[in-house]
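Visitor: Next comes the structure file my_file_28.txt, holding compact mmCIF, C-alpha atoms.
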```
# COMPACT_ATOMS: atom_id res chain seq x y z
CA MET K 1 116.52 134.58 179.58
CA ALA K 2 117.63 136.58 176.53
CA ARG K 3 117.82 139.72 178.68
CA GLU K 4 120.10 137.92 181.15
CA ASN K 5 122.36 136.74 178.32
CA ILE K 6 122.63 140.28 176.94
CA ARG K 7 123.48 141.58 180.41
CA ALA K 8 126.16 138.92 180.85
CA THR K 9 127.65 139.77 177.44
CA ILE K 10 127.74 143.50 178.21
CA LEU K 11 129.39 142.88 181.58
CA GLY K 12 131.85 140.52 179.93
CA PHE K 13 132.93 143.08 177.35
CA ALA K 14 133.17 145.75 180.04
CA ALA K 15 135.52 143.48 181.99
CA ALA K 16 137.50 142.76 178.82
CA PHE K 17 137.84 146.52 178.22
CA VAL K 18 139.33 146.93 181.70
CA VAL K 19 141.73 144.01 181.14
CA PHE K 20 142.87 145.53 177.84
CA ALA K 21 143.28 148.96 179.43
CA VAL K 22 145.59 147.51 182.07
CA LEU K 23 147.51 145.55 179.42
CA PHE K 24 148.03 148.62 177.24
CA TYR K 25 149.04 150.68 180.27
CA PHE K 26 151.87 148.29 181.15
CA ALA K 27 152.86 147.69 177.52
CA GLY K 28 152.75 151.36 176.53
CA VAL K 29 150.26 152.72 174.02
CA ASP K 30 152.88 154.62 172.00
CA GLU K 31 155.03 151.53 171.42
CA LEU K 32 151.93 149.54 170.51
CA ILE K 33 150.80 152.08 167.92
CA ASN K 34 154.31 152.48 166.47
CA ARG K 35 154.69 148.74 165.98
CA LEU K 36 151.23 148.22 164.50
CA THR K 37 151.50 151.13 162.04
CA MET K 38 154.68 149.64 160.55
CA VAL K 39 152.84 146.52 159.36
CA GLY K 40 152.74 146.34 155.56
CA PRO K 41 149.69 145.43 153.43
CA ALA K 42 151.29 142.13 152.35
CA PHE K 43 151.51 140.96 155.96
CA LEU K 44 147.91 142.00 156.61
CA ALA K 45 146.72 140.08 153.55
CA GLY K 46 148.79 137.07 154.60
CA LEU K 47 147.31 137.05 158.11
CA PHE K 48 143.80 137.29 156.68
CA VAL K 49 144.42 134.31 154.37
CA ILE K 50 145.92 132.29 157.24
CA THR K 51 142.86 133.04 159.37
CA ILE K 52 140.50 131.91 156.60
CA LEU K 53 142.50 128.69 156.14
CA TRP K 54 142.22 128.01 159.87
CA LEU K 55 138.45 128.49 159.75
CA VAL K 56 138.13 126.26 156.68
CA THR K 57 140.09 123.40 158.29
CA TRP K 58 138.12 123.50 161.54
CA GLY K 59 134.89 123.90 159.59
CA SER K 60 135.87 120.81 157.61
CA SER K 61 136.47 118.99 160.89
CA LEU K 62 132.88 119.86 161.83
CA LYS K 63 131.74 118.61 158.40
CA THR K 64 133.54 115.31 159.04
CA VAL K 65 131.87 114.82 162.42
CA LEU K 66 128.46 115.67 160.98
CA GLY K 67 129.11 113.17 158.19
CA VAL K 68 129.70 110.46 160.80
CA LEU K 69 126.33 111.40 162.28
CA GLY K 70 124.64 111.03 158.89
CA VAL K 71 124.31 114.75 158.19
CA ASP K 72 125.52 115.86 154.74
CA ILE K 73 126.83 119.42 154.59
CA SER K 74 129.01 121.19 152.02
CA VAL K 75 132.47 122.59 152.74
CA LEU K 76 131.16 126.13 152.23
CA ARG K 77 128.24 125.56 154.57
CA SER K 78 130.50 123.98 157.20
CA PHE K 79 132.76 127.04 156.94
CA LEU K 80 129.80 129.39 157.42
CA VAL K 81 128.42 127.34 160.31
CA PHE K 82 131.79 127.26 162.02
CA THR K 83 132.22 131.04 161.71
CA GLY K 84 128.80 131.33 163.34
CA ALA K 85 130.06 129.05 166.09
CA MET K 86 133.12 131.24 166.60
CA PHE K 87 130.89 134.32 166.80
CA SER K 88 128.86 132.65 169.56
CA ASN K 89 132.02 131.64 171.42
CA ASN K 90 133.61 135.08 171.05
CA ILE K 91 130.72 137.07 172.48
CA THR K 92 129.79 134.78 175.38
CA PRO K 93 131.67 134.16 178.63
CA PHE K 94 133.61 130.92 179.16
CA GLY K 95 134.42 130.43 175.46
CA GLN K 96 133.03 127.23 173.92
CA ALA K 97 131.03 126.38 177.03
CA GLY K 98 129.02 129.57 176.62
CA GLY K 99 128.59 129.45 172.84
CA GLU K 100 127.87 125.77 172.20
CA PRO K 101 124.07 125.93 172.79
CA VAL K 102 123.73 128.70 170.18
CA THR K 103 126.05 126.85 167.82
CA ALA K 104 124.01 123.67 168.17
CA LEU K 105 120.87 125.60 167.22
CA LEU K 106 122.64 127.06 164.17
CA ILE K 107 123.78 123.59 163.07
CA SER K 108 120.33 122.09 163.53
CA ARG K 109 118.70 124.82 161.44
CA SER K 110 121.29 125.04 158.66
CA ALA K 111 121.79 121.27 158.32
CA ASP K 112 118.13 120.41 158.98
CA THR K 113 118.91 118.03 161.81
CA GLU K 114 117.96 117.49 165.45
CA TYR K 115 119.23 119.96 168.04
CA GLU K 116 120.88 117.21 170.08
CA THR K 117 122.76 116.05 166.97
CA GLY K 118 124.11 119.55 166.44
CA LEU K 119 125.10 119.79 170.09
CA ALA K 120 126.86 116.42 169.94
CA ALA K 121 128.70 117.49 166.78
CA ILE K 122 130.07 120.76 168.12
CA ALA K 123 130.86 119.19 171.50
CA SER K 124 132.80 116.45 169.70
CA VAL K 125 134.72 118.97 167.59
CA ASP K 126 135.63 121.06 170.64
CA THR K 127 136.84 117.94 172.46
CA LEU K 128 138.82 116.71 169.44
CA ASN K 129 140.45 120.14 169.06
CA PHE K 130 141.99 119.73 172.50
CA VAL K 131 144.06 116.64 171.61
CA PRO K 132 146.31 118.06 168.84
CA SER K 133 146.68 121.41 170.63
CA ILE K 134 148.21 119.85 173.72
CA THR K 135 150.27 117.38 171.65
CA ILE K 136 151.75 120.19 169.55
CA ALA K 137 152.34 122.29 172.68
CA LEU K 138 154.31 119.47 174.31
CA ILE K 139 156.38 118.95 171.14
CA GLY K 140 157.08 122.67 170.82
CA ALA K 141 157.97 123.08 174.49
CA GLY K 142 160.19 119.98 174.39
CA TYR K 143 162.04 121.23 171.33
CA TYR K 144 162.41 124.72 172.77
CA ALA K 145 163.74 123.30 176.05
CA THR K 146 166.59 121.66 174.15
CA GLU K 147 167.74 125.09 172.95
CA VAL K 148 167.36 127.30 176.04
CA THR K 149 166.78 127.07 179.77
CA LEU K 150 163.11 127.52 180.61
CA GLY K 151 162.26 130.42 182.91
CA ARG K 152 159.83 130.19 185.79
CA ASN K 153 156.82 131.38 183.77
CA LEU K 154 157.50 128.80 181.07
CA GLU K 155 158.08 126.05 183.61
CA ILE K 156 154.69 126.79 185.19
CA ALA K 157 153.04 126.82 181.75
CA LEU K 158 154.68 123.53 180.81
CA VAL K 159 153.55 121.91 184.06
CA ALA K 160 150.01 123.13 183.34
CA VAL K 161 150.11 121.63 179.84
CA VAL K 162 151.41 118.30 181.11
CA GLY K 163 148.68 118.28 183.76
CA LEU K 164 146.01 118.94 181.13
CA ALA K 165 147.52 116.33 178.80
CA ILE K 166 147.08 113.76 181.55
CA GLY K 167 143.97 115.00 183.33
CA VAL K 168 141.60 115.79 180.48
CA PRO K 169 142.00 112.51 178.54
CA THR K 170 141.64 110.64 181.82
CA ALA K 171 138.42 112.51 182.61
CA VAL K 172 137.10 111.88 179.09
CA TYR K 173 137.92 108.17 179.36
CA ILE K 174 136.18 107.86 182.73
CA ALA K 175 133.13 109.72 181.39
CA TRP K 176 133.05 107.45 178.32
CA GLU K 177 133.23 104.28 180.41
CA ARG K 178 130.45 105.54 182.69
CA ARG K 179 128.40 107.25 179.97
CA TYR K 180 125.21 105.27 180.64
CA GLU K 181 125.33 106.12 184.34
CA LEU K 182 126.08 109.74 183.47
CA GLU K 183 123.22 109.78 180.98
CA ARG K 184 120.73 108.57 183.58
CA LYS K 185 121.89 111.16 186.10
CA LEU K 186 121.57 113.94 183.53
CA ILE K 187 118.06 112.85 182.63
CA ASP K 188 117.02 112.84 186.30
CA ALA K 189 118.64 116.23 186.95
CA LEU K 190 117.68 118.11 183.78
CA THR K 191 114.11 116.93 183.22
CA PRO K 192 112.51 119.00 186.04
CA ILE K 193 114.71 122.00 185.19
CA ILE K 194 113.73 121.93 181.50
CA GLN K 195 110.04 121.43 182.25
CA THR K 196 110.01 124.25 184.81
CA GLY K 197 111.85 126.65 182.49
CA ALA K 198 109.54 125.86 179.56
CA ARG K 199 106.52 127.05 181.57
CA TYR K 200 107.92 130.60 181.59
CA ILE K 201 108.85 130.76 177.88
CA PRO K 202 106.06 132.12 175.64
CA ARG K 203 104.82 129.86 172.82
CA VAL K 204 106.89 126.92 174.07
CA SER K 205 105.06 123.81 175.20
CA VAL K 206 106.25 121.96 178.28
CA PRO K 207 108.07 118.83 177.09
CA SER K 208 107.04 115.47 178.49
CA THR K 209 109.42 113.39 180.56
CA ASP K 210 109.66 110.91 177.70
CA GLY K 211 110.44 113.72 175.28
CA VAL K 212 113.30 115.08 177.39
CA GLU K 213 114.68 111.58 177.86
CA ARG K 214 114.51 110.91 174.12
CA ARG K 215 116.50 114.04 173.30
CA ILE K 216 119.18 113.37 175.93
CA ASN K 217 119.39 109.78 174.69
CA GLY K 218 119.81 111.13 171.17
CA PHE K 219 122.72 113.31 172.29
CA PHE K 220 124.54 110.39 173.92
CA ARG K 221 123.89 108.04 170.99
CA ALA K 222 125.34 110.69 168.64
CA ILE K 223 128.45 110.97 170.82
CA GLU K 224 128.77 107.18 170.72
CA ARG K 225 128.58 107.13 166.90
CA VAL K 226 131.44 109.64 166.70
CA GLY K 227 133.51 107.75 169.27
CA ARG K 228 133.07 104.44 167.45
CA ASN K 229 134.22 105.72 164.04
CA PRO K 230 138.06 105.57 163.95
CA ARG K 231 138.33 106.85 160.38
CA GLY K 232 136.16 109.88 161.06
CA LEU K 233 138.04 110.59 164.27
CA ALA K 234 141.40 110.38 162.50
CA ILE K 235 140.31 112.78 159.73
CA ALA K 236 138.78 115.23 162.21
CA LEU K 237 141.90 115.14 164.40
CA GLY K 238 144.13 115.70 161.37
CA LEU K 239 142.08 118.71 160.25
CA SER K 240 142.09 120.06 163.79
CA GLY K 241 145.87 119.74 164.01
CA LEU K 242 146.24 121.52 160.66
CA GLY K 243 144.03 124.33 161.93
CA TRP K 244 146.22 124.74 165.01
CA LEU K 245 149.30 124.92 162.77
CA PHE K 246 147.67 127.73 160.77
CA GLN K 247 147.11 129.65 164.01
CA MET K 248 150.74 129.12 165.04
CA VAL K 249 151.96 130.28 161.64
CA GLY K 250 149.72 133.32 162.11
CA LEU K 251 151.42 134.26 165.39
CA TRP K 252 154.85 133.69 163.85
CA VAL K 253 153.97 135.89 160.85
CA ALA K 254 152.51 138.60 163.12
CA PHE K 255 155.84 139.02 164.91
CA HIS K 256 157.70 139.18 161.60
CA ALA K 257 155.21 141.85 160.52
CA ILE K 258 156.13 144.13 163.43
CA GLY K 259 159.85 143.61 162.92
CA ALA K 260 160.40 141.34 165.93
CA PRO K 261 160.67 137.76 164.62
CA ILE K 262 160.39 134.85 167.03
CA ALA K 263 161.33 131.19 166.69
CA PHE K 264 158.52 129.05 165.31
CA SER K 265 159.00 126.63 168.23
CA ILE K 266 157.79 129.41 170.54
CA ALA K 267 154.56 129.73 168.55
CA LEU K 268 154.09 125.97 168.73
CA PHE K 269 153.59 125.91 172.48
CA VAL K 270 152.36 129.40 173.41
CA VAL K 271 149.30 129.38 171.09
CA PRO K 272 147.66 126.30 172.70
CA ILE K 273 148.56 127.51 176.19
CA GLY K 274 147.09 130.92 175.42
CA ALA K 275 143.88 129.27 174.22
CA ILE K 276 143.43 127.81 177.70
CA ALA K 277 142.90 131.37 178.93
CA GLY K 278 139.78 131.46 176.74
CA VAL K 279 137.92 129.53 179.43
CA THR K 280 137.27 132.64 181.51
CA PRO K 281 134.26 134.88 182.21
CA LEU K 282 135.64 137.20 179.50
CA PRO K 283 133.87 136.93 176.11
CA GLY K 284 135.96 134.64 173.94
CA GLY K 285 138.82 135.03 176.41
CA ALA K 286 139.39 138.58 175.08
CA GLY K 287 142.07 140.23 177.17
CA GLY K 288 143.01 137.12 179.11
CA ILE K 289 144.44 135.37 176.05
CA GLU K 290 146.37 138.52 175.05
CA TRP K 291 147.90 138.81 178.52
CA THR K 292 148.88 135.13 178.54
CA LEU K 293 150.43 135.17 175.09
CA ALA K 294 152.35 138.40 175.70
CA ILE K 295 153.81 137.09 178.96
CA LEU K 296 154.78 133.74 177.45
CA VAL K 297 156.34 135.19 174.29
CA SER K 298 158.36 137.77 176.20
CA ALA K 299 159.48 135.09 178.68
CA ALA K 300 160.41 132.64 175.92
CA SER K 301 162.28 135.13 173.74
CA GLY K 302 164.94 137.22 175.41
CA ALA K 303 165.03 139.51 172.37
CA VAL K 304 161.35 140.48 172.60
CA SER K 305 160.24 142.75 175.42
CA PHE K 306 156.77 142.69 176.94
CA ASP K 307 155.64 145.81 175.07
CA VAL K 308 156.79 144.43 171.72
CA ALA K 309 155.26 141.04 172.52
CA THR K 310 151.96 142.78 173.25
CA ALA K 311 151.99 144.46 169.83
CA GLY K 312 152.59 141.15 168.05
CA VAL K 313 149.88 139.41 170.05
CA VAL K 314 147.36 142.21 169.45
CA LEU K 315 148.00 141.98 165.69
CA PHE K 316 147.61 138.19 165.73
CA ARG K 317 144.47 138.26 167.86
CA GLY K 318 143.04 141.08 165.79
CA PHE K 319 142.64 138.57 162.96
CA ILE K 320 142.00 135.37 164.92
CA TYR K 321 139.32 137.01 167.08
CA TRP K 322 137.70 139.63 164.89
CA VAL K 323 137.59 137.97 161.45
CA PRO K 324 135.44 135.01 162.62
CA THR K 325 133.46 137.31 164.91
CA ILE K 326 132.50 139.64 162.06
CA LEU K 327 131.89 136.87 159.51
CA GLY K 328 130.02 134.75 162.05
CA GLY K 329 127.88 137.70 163.07
CA ILE K 330 126.85 138.16 159.44
CA VAL K 331 126.03 134.45 159.16
CA LEU K 332 123.90 134.44 162.30
CA GLY K 333 122.22 137.67 161.21
CA LEU K 334 121.22 136.14 157.87
CA GLU K 335 120.04 132.96 159.58
CA SER K 336 117.92 134.93 162.02
CA ALA K 337 116.49 137.15 159.30
CA ARG K 338 115.37 134.64 156.71
CA GLY K 339 116.99 131.23 157.31
CA TRP K 340 118.95 129.34 154.67
CA ARG K 341 119.30 125.79 153.47
CA ALA K 342 122.06 123.80 151.82
```
Taking this structure as input, can you express it in the form of structure tokens?

Guide:
Amino acid sequence: MARENIRATILGFAAAFVVFAVLFYFAGVDELINRLTMVGPAFLAGLFVITILWLVTWGSSLKTVLGVLGVDISVLRSFLVFTGAMFSNNITPFGQAGGEPVTALLISRSADTEYETGLAAIASVDTLNFVPSITIALIGAGYYATEVTLGRNLEIALVAVVGLAIGVPTAVYIAWERRYELERKLIDALTPIIQTGARYIPRVSVPSTDGVERRINGFFRAIERVGRNPRGLAIALGLSGLGWLFQMVGLWVAFHAIGAPIAFSIALFVVPIGAIAGVTPLPGGAGGIEWTLAILVSAASGAVSFDVATAGVVLFRGFIYWVPTILGGIVLGLESARGWRA
């Protein structure tokens, strides 16, 4: 299983390399280098601080959800755990969907809790992060539309955001209303798969049917506890929204750093839309997000060409992608080497 995951990661990064090569070919390597080398140390320090603030706010959102589930964790530990989560998401295909199982294991070990509780916590945080992102995107796009006429690319992006704003909450509501039926179907479907897979894993005993059912029940009960706590939901949503704002400020600062400022309203709606491109077979959406952001920024701002937009996006993503990847890799490395406790 581990060998297959490594193979998938290698193939994912190879695909990302190709996507970046095509992007740099169309944008022009010389223009990219010229723009990036003009960035001053103050801007670099500012982008690093903004990235850390984003990680702290989303880590605090995770802390809030874990608190609802009865798991006490410090702000520092939640920050470290969340960077580990970002590392998992950034090196696996399909973004959060690929990294959540590893993240849940990290949470369960570092917070000394059940695996299903950790999985419920990170799944809840990922779901909650969607709400403010789409809300802010709609506000930003609406404000921007009052100033200029939207081009075709932006109209398509706006339609996609509106569709997600309607479709995803509807799907979540339906799943919530039918959660007991969904739980039973998952138990019936996953039990034989888990028991069969356990037979081929060394030093792992085959779980009983009751054991599998208990763990899946634990996951759904944890989700219910989060969903039935309005105060915790409100705090987590507020922290999530603040984290999104830090990312948007980061994109806005990145374009000032390369000498091509953009309106903040553009950052408001292109950052959440670009994040949608993270749900691809590329590790952490690397390459796909850069393409999406560069196209949207150049389409939204008549004063910024595609090659300049690419430089600004590469600078922004250089911090948003690599800072949590490096820090999270260190966290997971330490956890794997000796383990740590709060």

Visitor: Please provide as number ranges by chain all residues within 9 Å of K:Phe130, with the sequence filter that same-chain residues fewer than 5 positions apart are discarded (counting only C-alpha atoms).

Guide: K: 125, 135, 168, 240, 272

Visitor: Please dump the current selection as a PDB file, in the coordinates of the input; keep C-alpha atoms.

Guide:
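For reference, out_1.pdb as written:
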```pdb
ATOM      1  CA  VAL K 125     134.720 118.970 167.590  1.00  0.00           C
ATOM      2  CA  THR K 135     150.270 117.380 171.650  1.00  0.00           C
ATOM      3  CA  VAL K 168     141.600 115.790 180.480  1.00  0.00           C
ATOM      4  CA  SER K 240     142.090 120.060 163.790  1.00  0.00           C
ATOM      5  CA  PRO K 272     147.660 126.300 172.700  1.00  0.00           C
TER       6      PRO K 272
END
```

Visitor: Nearest to K:Ser108 among K:Glu335, K:Ile52, K:Ala45, K:Glu181, with distances taken over all atoms listed in the file: which residue is it?

Guide: K:Glu335

Visitor: Tell me, in Å to one decimal, how far atom CA of K:Ile166 is from atom CA of K:Ile134.

Guide: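 Atom-to-atom, atom CA of K:Ile166 and atom CA of K:Ile134 are spaced 10.0 Å apart.
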
Visitor: Which value, in Å to one decimal, gives the distance between atom CA of K:Val39 and atom CA of K:Ala257?

Guide: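 Straight-line distance from atom CA of K:Val39 to atom CA of K:Ala257 works out to 5.4 Å.
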
Visitor: For atom CA of K:Val314 and atom CA of K:Phe246, quote the distance in Å rounded to one decimal.

Guide: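 It comes out at 16.9 Å.
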
Visitor: Any idea what's packed within 10 Å of K:Leu237, counting all atoms listed in the file, ignoring anything in its chain fewer than 2 positions away? Could you give it as a PyMOL selection string?

Guide: chain K and resi 58+61+64+125+127-132+231-235+239-243

Visitor: Can you spit out the residues from that selection as a PDB file, in the frame of the given file, using C-alpha atoms?

Guide:
```pdb
ATOM      1  CA  TRP K  58     138.120 123.500 161.540  1.00  0.00           C
ATOM      2  CA  SER K  61     136.470 118.990 160.890  1.00  0.00           C
ATOM      3  CA  THR K  64     133.540 115.310 159.040  1.00  0.00           C
ATOM      4  CA  VAL K 125     134.720 118.970 167.590  1.00  0.00           C
ATOM      5  CA  THR K 127     136.840 117.940 172.460  1.00  0.00           C
ATOM      6  CA  LEU K 128     138.820 116.710 169.440  1.00  0.00           C
ATOM      7  CA  ASN K 129     140.450 120.140 169.060  1.00  0.00           C
ATOM      8  CA  PHE K 130     141.990 119.730 172.500  1.00  0.00           C
ATOM      9  CA  VAL K 131     144.060 116.640 171.610  1.00  0.00           C
ATOM     10  CA  PRO K 132     146.310 118.060 168.840  1.00  0.00           C
ATOM     11  CA  ARG K 231     138.330 106.850 160.380  1.00  0.00           C
ATOM     12  CA  GLY K 232     136.160 109.880 161.060  1.00  0.00           C
ATOM     13  CA  LEU K 233     138.040 110.590 164.270  1.00  0.00           C
ATOM     14  CA  ALA K 234     141.400 110.380 162.500  1.00  0.00           C
ATOM     15  CA  ILE K 235     140.310 112.780 159.730  1.00  0.00           C
ATOM     16  CA  LEU K 239     142.080 118.710 160.250  1.00  0.00           C
ATOM     17  CA  SER K 240     142.090 120.060 163.790  1.00  0.00           C
ATOM     18  CA  GLY K 241     145.870 119.740 164.010  1.00  0.00           C
ATOM     19  CA  LEU K 242     146.240 121.520 160.660  1.00  0.00           C
ATOM     20  CA  GLY K 243     144.030 124.330 161.930  1.00  0.00           C
TER      21      GLY K 243
END
```

Visitor: Name the closest residue to K:Pro41 among the candidates K:Ile258, K:Met248, K:Glu114, K:Tyr173; distances are taken between atoms, counting all atoms listed in the file.

Guide: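 Residue with the minimum atom-to-atom distance to K:Pro41: K:Ile258.
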
Visitor: Nearest residue to K:Ser60 out of K:Arg225, K:Lys185, K:Arg35, K:Arg77, using all atoms listed in the file?

Guide: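 Among the listed residues, K:Arg77 lies closest to K:Ser60.
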